[in-house]
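Structure record follows, encoded as structure tokens.
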Amino acid sequence: MDGIAETPAPAIDPFDVGRPELYHKDAWRPVFEKLRADDPVYYCETGRSGPYWAITRYEDIVRVDSDPATFSSSHLLGGVTLEDKSNVTFMQMDPPQHTAKRKSVTPIVAPKSLAQMEVLIRDRAAKTLDALPRGEEFDWVDRVSIELTSMMLATLFGHPIEDRRTLVRWSDTITADLDDPDSPIRTEAQRGEVMREFYLSMLDIWKRRREEEPRFDIVSILAHDPDMRNAPVEEITGLFGLFLVGGNDTTRNSMSGGMWGFAQHPDEWRKLKADPKLLGNAVSEIIRYQTPVIYERRTALRDVEIAGKTIAKGDRVGMWYISGNRDESVFEDADSLKIDRPNARQHLSFGMGPHRCVGSRLAEMQLRVLWEEVLKRDLEIEVLEKPSYAFSNLVRSPTRLPVRIKA
């Protein structure tokens, strides 16, 4: 209309590492390389979800992640994503409240529990690998990564094993980005409907577990925990969502990322075949190389200086694990997969400090067992195309990886 000027759209900050398309297009490496070299504590004024600080060097990420007295995870301040969320889980609490709540869920990953689970995981991995076609193309993500992690999720939640893919659908919906053209949902209202379906299903199991003898699954463990038995419903359902997404993404994405990593570095696969004792370290290196969780957010509780920059009280701070795991000052030749890397276990993928992933040992065990079973069968797996990735700035999730097992 004459006489009315259009307001120009704000320019896209090329260093806004919160843009999901960076990870969807697998185009994140040069952006982080530039930031680590020139501006490792970068203030992004025009982020998609508002202004935030991007922490991109390893040592600075460790500092932030290890200091909950200065950098808060609290849901009352927005939680652990750049988009303010108010999920009431121990992940979005600070010590000492976080410490007390975390203890409620540790029995599921105690050594005795892990030993029981390993037998089950190995049997499922063996059957899954033996059922794969030989000499034909198939999707490793769907037939192996999702299949194995969905069965583990069903075990953790006491969910019917035959309905395990419903758990995957719920998890994918919870983490879906509404800007993704292929998103299974279009509105937050639709997300809420799916989450309600998940929560009601879990609460039904919860109520039954409270009246039964203790079982092996996480729902039973929480239902019989004195501190959780009478917890508010929103805290209980929040924990269910946390374990659903955490149990799905880390292992599933690393199973696919490991396959792609070995395809790009075939000498490393030959090295592992020649010396299977390297597998424990190789699992850590795969998790570093893949970095299944891209970042976490904290909120500054006071003014603080990092790398010459002053972060003000109340500012949002993004710890970009995916960048820290590529920091050449810590990991030599960081873009390469090296199964005998001496410091592979120092990766940031599980976080640092009090919020280190409670399920890390379970994730590592699932990956170790899978590759042990692949090695046992001497499978020669050919990757036919590059993986496609989810439209997400939170999880680095391969969505398709065509492969073929040589007959």
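Chain labels run A, B, ... following the order of the structure tokens; each chain numbers its residues from 1, and ligands are numbered from 1 in the order shown.
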
Please give the complete set of residues from segment 56-126 of chain A that DSSP, run on the backbone, assigns to alpha helix (DSSP H), formatted as an MDAnalysis selection string. chainID A and resid 58:65 97:103 111:126

Which residues come within 12 Å of Asn325 of chain A, counting only C-alpha atoms, excluding same-chain residues fewer than 2 positions away, as number ranges by chain? A: 29, 32-33, 36, 56-59, 61-62, 284-295, 319-323, 327-337, 343-351

Go ahead and write the selection's residues with N, CA and C atoms as a short mmCIF file (atom, residue, chain, number, x, y, z; two decimals), in the first residue's frame.
data_model
loop_
_atom_site.label_atom_id
_atom_site.label_comp_id
_atom_site.auth_asym_id
_atom_site.auth_seq_id
_atom_site.Cartn_x
_atom_site.Cartn_y
_atom_site.Cartn_z
N ARG A 29 30.06 -27.94 10.74
CA ARG A 29 31.49 -27.98 11.08
C ARG A 29 32.21 -26.65 10.84
N PHE A 32 31.28 -23.80 13.45
CA PHE A 32 31.88 -23.97 14.77
C PHE A 32 33.39 -23.80 14.74
N GLU A 33 34.01 -24.24 13.67
CA GLU A 33 35.46 -24.07 13.53
C GLU A 33 35.83 -22.58 13.57
N ARG A 36 35.19 -21.23 17.23
CA ARG A 36 36.22 -21.65 18.18
C ARG A 36 37.51 -20.86 17.98
N THR A 56 31.64 -22.55 22.69
CA THR A 56 32.03 -23.52 21.66
C THR A 56 33.34 -24.25 21.92
N ARG A 57 34.17 -23.76 22.86
CA ARG A 57 35.43 -24.46 23.16
C ARG A 57 35.24 -25.43 24.32
N TYR A 58 36.00 -26.50 24.25
CA TYR A 58 35.91 -27.59 25.22
C TYR A 58 36.03 -27.09 26.66
N GLU A 59 37.12 -26.37 26.96
CA GLU A 59 37.38 -25.99 28.34
C GLU A 59 36.31 -25.06 28.89
N ILE A 61 33.10 -25.04 27.93
CA ILE A 61 31.90 -25.86 28.12
C ILE A 61 32.00 -26.62 29.44
N VAL A 62 33.17 -27.20 29.71
CA VAL A 62 33.37 -27.92 30.96
C VAL A 62 33.17 -26.98 32.15
N SER A 284 33.45 -45.21 23.08
CA SER A 284 33.57 -43.81 23.52
C SER A 284 33.87 -42.89 22.35
N GLU A 285 34.73 -43.36 21.43
CA GLU A 285 35.09 -42.54 20.28
C GLU A 285 33.90 -42.36 19.34
N ILE A 286 33.09 -43.39 19.17
CA ILE A 286 31.89 -43.28 18.35
C ILE A 286 30.94 -42.24 18.94
N ILE A 287 30.77 -42.25 20.25
CA ILE A 287 29.86 -41.31 20.90
C ILE A 287 30.42 -39.88 20.78
N ARG A 288 31.74 -39.72 20.90
CA ARG A 288 32.35 -38.40 20.67
C ARG A 288 32.12 -37.95 19.24
N TYR A 289 32.41 -38.83 18.30
CA TYR A 289 32.33 -38.52 16.88
C TYR A 289 30.91 -38.17 16.47
N GLN A 290 29.93 -38.89 16.98
CA GLN A 290 28.54 -38.64 16.63
C GLN A 290 27.96 -37.45 17.37
N THR A 291 28.24 -37.33 18.66
CA THR A 291 27.65 -36.32 19.55
C THR A 291 26.12 -36.28 19.36
N PRO A 292 25.42 -37.27 19.94
CA PRO A 292 23.97 -37.37 19.69
C PRO A 292 23.15 -36.21 20.24
N VAL A 293 23.58 -35.60 21.36
CA VAL A 293 22.90 -34.41 21.89
C VAL A 293 23.75 -33.20 21.52
N ILE A 294 23.22 -32.30 20.72
CA ILE A 294 23.98 -31.21 20.13
C ILE A 294 24.38 -30.16 21.16
N TYR A 295 23.48 -29.82 22.06
CA TYR A 295 23.77 -28.76 23.03
C TYR A 295 22.85 -28.91 24.24
N MET A 319 25.70 -24.50 25.68
CA MET A 319 26.94 -25.28 25.66
C MET A 319 26.87 -26.22 24.46
N TRP A 320 27.66 -25.95 23.44
CA TRP A 320 27.56 -26.69 22.18
C TRP A 320 28.52 -27.88 22.22
N TYR A 321 27.99 -28.98 22.77
CA TYR A 321 28.80 -30.20 22.91
C TYR A 321 29.38 -30.65 21.58
N ILE A 322 28.60 -30.47 20.52
CA ILE A 322 29.05 -30.91 19.20
C ILE A 322 30.30 -30.17 18.76
N SER A 323 30.47 -28.94 19.23
CA SER A 323 31.67 -28.16 18.93
C SER A 323 32.82 -28.55 19.86
N ASP A 327 36.98 -29.88 19.22
CA ASP A 327 38.00 -28.91 19.59
C ASP A 327 39.38 -29.53 19.40
N GLU A 328 40.13 -29.02 18.42
CA GLU A 328 41.44 -29.58 18.07
C GLU A 328 42.46 -29.40 19.18
N SER A 329 42.23 -28.46 20.09
CA SER A 329 43.17 -28.28 21.20
C SER A 329 43.07 -29.42 22.21
N VAL A 330 41.99 -30.21 22.12
CA VAL A 330 41.78 -31.34 23.02
C VAL A 330 41.84 -32.66 22.25
N PHE A 331 41.20 -32.71 21.08
CA PHE A 331 41.12 -33.93 20.28
C PHE A 331 41.86 -33.70 18.96
N GLU A 332 43.05 -34.23 18.86
CA GLU A 332 43.84 -34.07 17.63
C GLU A 332 43.10 -34.73 16.46
N ASP A 333 43.14 -34.05 15.30
CA ASP A 333 42.45 -34.55 14.12
C ASP A 333 41.00 -34.91 14.48
N ALA A 334 40.32 -33.94 15.06
CA ALA A 334 39.04 -34.19 15.72
C ALA A 334 37.91 -34.63 14.79
N ASP A 335 38.00 -34.30 13.50
CA ASP A 335 36.95 -34.69 12.57
C ASP A 335 37.09 -36.13 12.10
N SER A 336 38.13 -36.82 12.56
CA SER A 336 38.34 -38.21 12.18
C SER A 336 37.94 -39.15 13.31
N LEU A 337 37.42 -40.31 12.93
CA LEU A 337 37.13 -41.36 13.89
C LEU A 337 38.41 -42.16 14.11
N ASN A 343 42.29 -40.17 24.47
CA ASN A 343 41.40 -39.42 25.38
C ASN A 343 39.94 -39.45 24.92
N ALA A 344 39.56 -40.50 24.21
CA ALA A 344 38.19 -40.58 23.70
C ALA A 344 37.16 -40.49 24.82
N ARG A 345 37.48 -41.02 25.99
CA ARG A 345 36.52 -41.04 27.09
C ARG A 345 36.28 -39.65 27.70
N GLN A 346 37.07 -38.68 27.29
CA GLN A 346 36.88 -37.32 27.78
C GLN A 346 35.85 -36.53 26.97
N HIS A 347 35.13 -37.22 26.09
CA HIS A 347 34.14 -36.54 25.25
C HIS A 347 33.07 -35.87 26.11
N LEU A 348 32.35 -34.94 25.50
CA LEU A 348 31.33 -34.15 26.20
C LEU A 348 29.91 -34.65 25.97
N SER A 349 29.75 -35.74 25.24
CA SER A 349 28.41 -36.14 24.79
C SER A 349 27.45 -36.48 25.92
N PHE A 350 27.99 -36.89 27.07
CA PHE A 350 27.13 -37.18 28.22
C PHE A 350 27.05 -36.01 29.19
N GLY A 351 27.66 -34.89 28.83
CA GLY A 351 27.69 -33.76 29.74
C GLY A 351 28.78 -33.93 30.78
#

Residues within 7 Å of Thr149 of chain A, please, as an MDAnalysis selection string. Count only C-alpha atoms; anything in the same chain fewer than 3 positions from it doesn't count. chainID A and resid 145:146 152:153 248 251:252

Could those selected residues go to a file with N, CA and C atoms, as a PDB file, in the first residue's frame?
ATOM      1  N   SER A 145      19.072 -49.643  14.314  1.00  0.00           N
ATOM      2  CA  SER A 145      19.143 -48.635  15.375  1.00  0.00           C
ATOM      3  C   SER A 145      17.802 -48.449  16.070  1.00  0.00           C
ATOM      4  N   ILE A 146      16.744 -48.217  15.301  1.00  0.00           N
ATOM      5  CA  ILE A 146      15.426 -48.011  15.915  1.00  0.00           C
ATOM      6  C   ILE A 146      14.900 -49.311  16.501  1.00  0.00           C
ATOM      7  N   MET A 152      14.579 -51.867  23.835  1.00  0.00           N
ATOM      8  CA  MET A 152      15.111 -51.489  25.138  1.00  0.00           C
ATOM      9  C   MET A 152      14.168 -50.526  25.844  1.00  0.00           C
ATOM     10  N   LEU A 153      13.599 -49.598  25.097  1.00  0.00           N
ATOM     11  CA  LEU A 153      12.634 -48.668  25.683  1.00  0.00           C
ATOM     12  C   LEU A 153      11.426 -49.416  26.245  1.00  0.00           C
ATOM     13  N   ASN A 248      15.987 -43.072  23.936  1.00  0.00           N
ATOM     14  CA  ASN A 248      15.826 -43.273  22.497  1.00  0.00           C
ATOM     15  C   ASN A 248      16.974 -42.659  21.708  1.00  0.00           C
ATOM     16  N   THR A 251      21.461 -43.643  22.202  1.00  0.00           N
ATOM     17  CA  THR A 251      21.887 -44.947  21.696  1.00  0.00           C
ATOM     18  C   THR A 251      21.540 -45.112  20.222  1.00  0.00           C
ATOM     19  N   ARG A 252      20.320 -44.787  19.883  1.00  0.00           N
ATOM     20  CA  ARG A 252      19.874 -44.940  18.489  1.00  0.00           C
ATOM     21  C   ARG A 252      20.759 -44.154  17.533  1.00  0.00           C
TER      22      ARG A 252
END

All residues 8 Å or closer to Ala54 of chain A, only C-alpha atoms, same chain fewer than 2 positions away omitted, as an MDAnalysis selection string: chainID A and resid 17 40:44 52 56 317:320

Residues of the last selection are to be written out with C-alpha atoms, as a PDB file, in the first residue's frame.
ATOM      1  CA  VAL A  17      24.266 -22.166  15.640  1.00  0.00           C
ATOM      2  CA  PRO A  40      34.502 -18.878  21.236  1.00  0.00           C
ATOM      3  CA  VAL A  41      32.045 -17.135  23.561  1.00  0.00           C
ATOM      4  CA  TYR A  42      29.745 -15.612  20.962  1.00  0.00           C
ATOM      5  CA  TYR A  43      26.671 -13.508  21.665  1.00  0.00           C
ATOM      6  CA  CYS A  44      23.922 -14.221  19.152  1.00  0.00           C
ATOM      7  CA  TYR A  52      21.896 -16.355  23.742  1.00  0.00           C
ATOM      8  CA  THR A  56      32.026 -23.524  21.663  1.00  0.00           C
ATOM      9  CA  VAL A 317      24.009 -19.812  27.679  1.00  0.00           C
ATOM     10  CA  GLY A 318      24.254 -22.635  25.128  1.00  0.00           C
ATOM     11  CA  MET A 319      26.942 -25.283  25.661  1.00  0.00           C
ATOM     12  CA  TRP A 320      27.559 -26.690  22.185  1.00  0.00           C
TER      13      TRP A 320
END

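Within the 7 Å cut-off around segment 64-76 of chain A, using only C-alpha atoms and omitting residues fewer than 2 positions from it on the same chain, the listed residues are Asp60, Ile61, Val62, Gly78, Gly79, Val80, Lys85, Ser86, Asn87, Val88, Gln92, Met93, Asp94, Arg298, Thr299, Ala300, Leu301, Arg302, Met352, Gly353 and Pro354 of chain A.
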
Let's have the selection written as a PDB file, in the first residue's frame, with N, CA and C atoms.
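So the final result, stored in part-v4.pdb, reads:
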ATOM      1  N   ASP A  60      35.741 -24.203  28.055  1.00  0.00           N
ATOM      2  CA  ASP A  60      34.682 -23.299  28.518  1.00  0.00           C
ATOM      3  C   ASP A  60      33.381 -24.051  28.754  1.00  0.00           C
ATOM      4  N   ILE A  61      33.102 -25.044  27.929  1.00  0.00           N
ATOM      5  CA  ILE A  61      31.902 -25.859  28.120  1.00  0.00           C
ATOM      6  C   ILE A  61      32.001 -26.617  29.442  1.00  0.00           C
ATOM      7  N   VAL A  62      33.171 -27.201  29.706  1.00  0.00           N
ATOM      8  CA  VAL A  62      33.369 -27.919  30.963  1.00  0.00           C
ATOM      9  C   VAL A  62      33.171 -26.980  32.146  1.00  0.00           C
ATOM     10  N   GLY A  78      13.650 -21.449  32.676  1.00  0.00           N
ATOM     11  CA  GLY A  78      13.577 -21.804  31.258  1.00  0.00           C
ATOM     12  C   GLY A  78      14.092 -23.175  30.915  1.00  0.00           C
ATOM     13  N   GLY A  79      14.819 -23.821  31.839  1.00  0.00           N
ATOM     14  CA  GLY A  79      15.253 -25.190  31.599  1.00  0.00           C
ATOM     15  C   GLY A  79      16.536 -25.316  30.805  1.00  0.00           C
ATOM     16  N   VAL A  80      16.634 -26.377  30.001  1.00  0.00           N
ATOM     17  CA  VAL A  80      17.904 -26.751  29.372  1.00  0.00           C
ATOM     18  C   VAL A  80      17.890 -26.643  27.842  1.00  0.00           C
ATOM     19  N   LYS A  85      11.349 -23.898  28.484  1.00  0.00           N
ATOM     20  CA  LYS A  85      10.475 -25.024  28.806  1.00  0.00           C
ATOM     21  C   LYS A  85      10.359 -25.111  30.319  1.00  0.00           C
ATOM     22  N   SER A  86       9.251 -25.644  30.790  1.00  0.00           N
ATOM     23  CA  SER A  86       9.038 -25.704  32.238  1.00  0.00           C
ATOM     24  C   SER A  86       8.760 -27.128  32.702  1.00  0.00           C
ATOM     25  N   ASN A  87       9.421 -28.109  32.053  1.00  0.00           N
ATOM     26  CA  ASN A  87       9.240 -29.497  32.476  1.00  0.00           C
ATOM     27  C   ASN A  87       9.889 -29.717  33.843  1.00  0.00           C
ATOM     28  N   VAL A  88       9.129 -30.278  34.760  1.00  0.00           N
ATOM     29  CA  VAL A  88       9.637 -30.463  36.122  1.00  0.00           C
ATOM     30  C   VAL A  88      10.282 -31.843  36.218  1.00  0.00           C
ATOM     31  N   GLN A  92      16.055 -30.617  34.998  1.00  0.00           N
ATOM     32  CA  GLN A  92      15.812 -29.184  35.019  1.00  0.00           C
ATOM     33  C   GLN A  92      15.680 -28.669  36.453  1.00  0.00           C
ATOM     34  N   MET A  93      16.566 -29.189  37.292  1.00  0.00           N
ATOM     35  CA  MET A  93      16.694 -28.728  38.665  1.00  0.00           C
ATOM     36  C   MET A  93      18.173 -28.523  38.972  1.00  0.00           C
ATOM     37  N   ASP A  94      18.453 -27.757  40.001  1.00  0.00           N
ATOM     38  CA  ASP A  94      19.820 -27.538  40.462  1.00  0.00           C
ATOM     39  C   ASP A  94      20.044 -28.267  41.786  1.00  0.00           C
ATOM     40  N   ARG A 298      21.985 -23.330  29.762  1.00  0.00           N
ATOM     41  CA  ARG A 298      21.954 -22.935  31.160  1.00  0.00           C
ATOM     42  C   ARG A 298      21.571 -21.458  31.232  1.00  0.00           C
ATOM     43  N   THR A 299      21.211 -20.984  32.427  1.00  0.00           N
ATOM     44  CA  THR A 299      20.904 -19.574  32.641  1.00  0.00           C
ATOM     45  C   THR A 299      21.847 -19.025  33.708  1.00  0.00           C
ATOM     46  N   ALA A 300      22.499 -17.902  33.404  1.00  0.00           N
ATOM     47  CA  ALA A 300      23.457 -17.313  34.345  1.00  0.00           C
ATOM     48  C   ALA A 300      22.738 -16.772  35.572  1.00  0.00           C
ATOM     49  N   LEU A 301      23.251 -17.133  36.742  1.00  0.00           N
ATOM     50  CA  LEU A 301      22.672 -16.667  38.002  1.00  0.00           C
ATOM     51  C   LEU A 301      23.344 -15.403  38.523  1.00  0.00           C
ATOM     52  N   ARG A 302      24.439 -15.021  37.913  1.00  0.00           N
ATOM     53  CA  ARG A 302      25.160 -13.803  38.290  1.00  0.00           C
ATOM     54  C   ARG A 302      25.980 -13.349  37.091  1.00  0.00           C
ATOM     55  N   MET A 352      28.948 -32.905  31.596  1.00  0.00           N
ATOM     56  CA  MET A 352      29.939 -32.921  32.663  1.00  0.00           C
ATOM     57  C   MET A 352      29.267 -32.477  33.963  1.00  0.00           C
ATOM     58  N   GLY A 353      29.933 -32.730  35.087  1.00  0.00           N
ATOM     59  CA  GLY A 353      29.421 -32.230  36.349  1.00  0.00           C
ATOM     60  C   GLY A 353      28.199 -32.989  36.830  1.00  0.00           C
ATOM     61  N   PRO A 354      27.367 -32.356  37.665  1.00  0.00           N
ATOM     62  CA  PRO A 354      26.245 -33.052  38.312  1.00  0.00           C
ATOM     63  C   PRO A 354      25.176 -33.532  37.342  1.00  0.00           C
TER      64      PRO A 354
END

Among the residues A:Asn253, A:Thr187, A:Asn230, A:Ser388, the one that comes closest to Trp206 of chain A [using only C-alpha atoms]: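 Distance minimum relative to Trp206 of chain A lands on A:Asn230.
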
Determine which residues of segment 136-330 of chain A DSSP labels as strand (DSSP E or B) from the backbone of this structure, then write them out as JSON, numbers by chain. {"A": [137, 138, 139, 293, 296, 297, 298, 299, 300, 304, 305, 306, 309, 310, 311, 316, 317, 318, 319]}
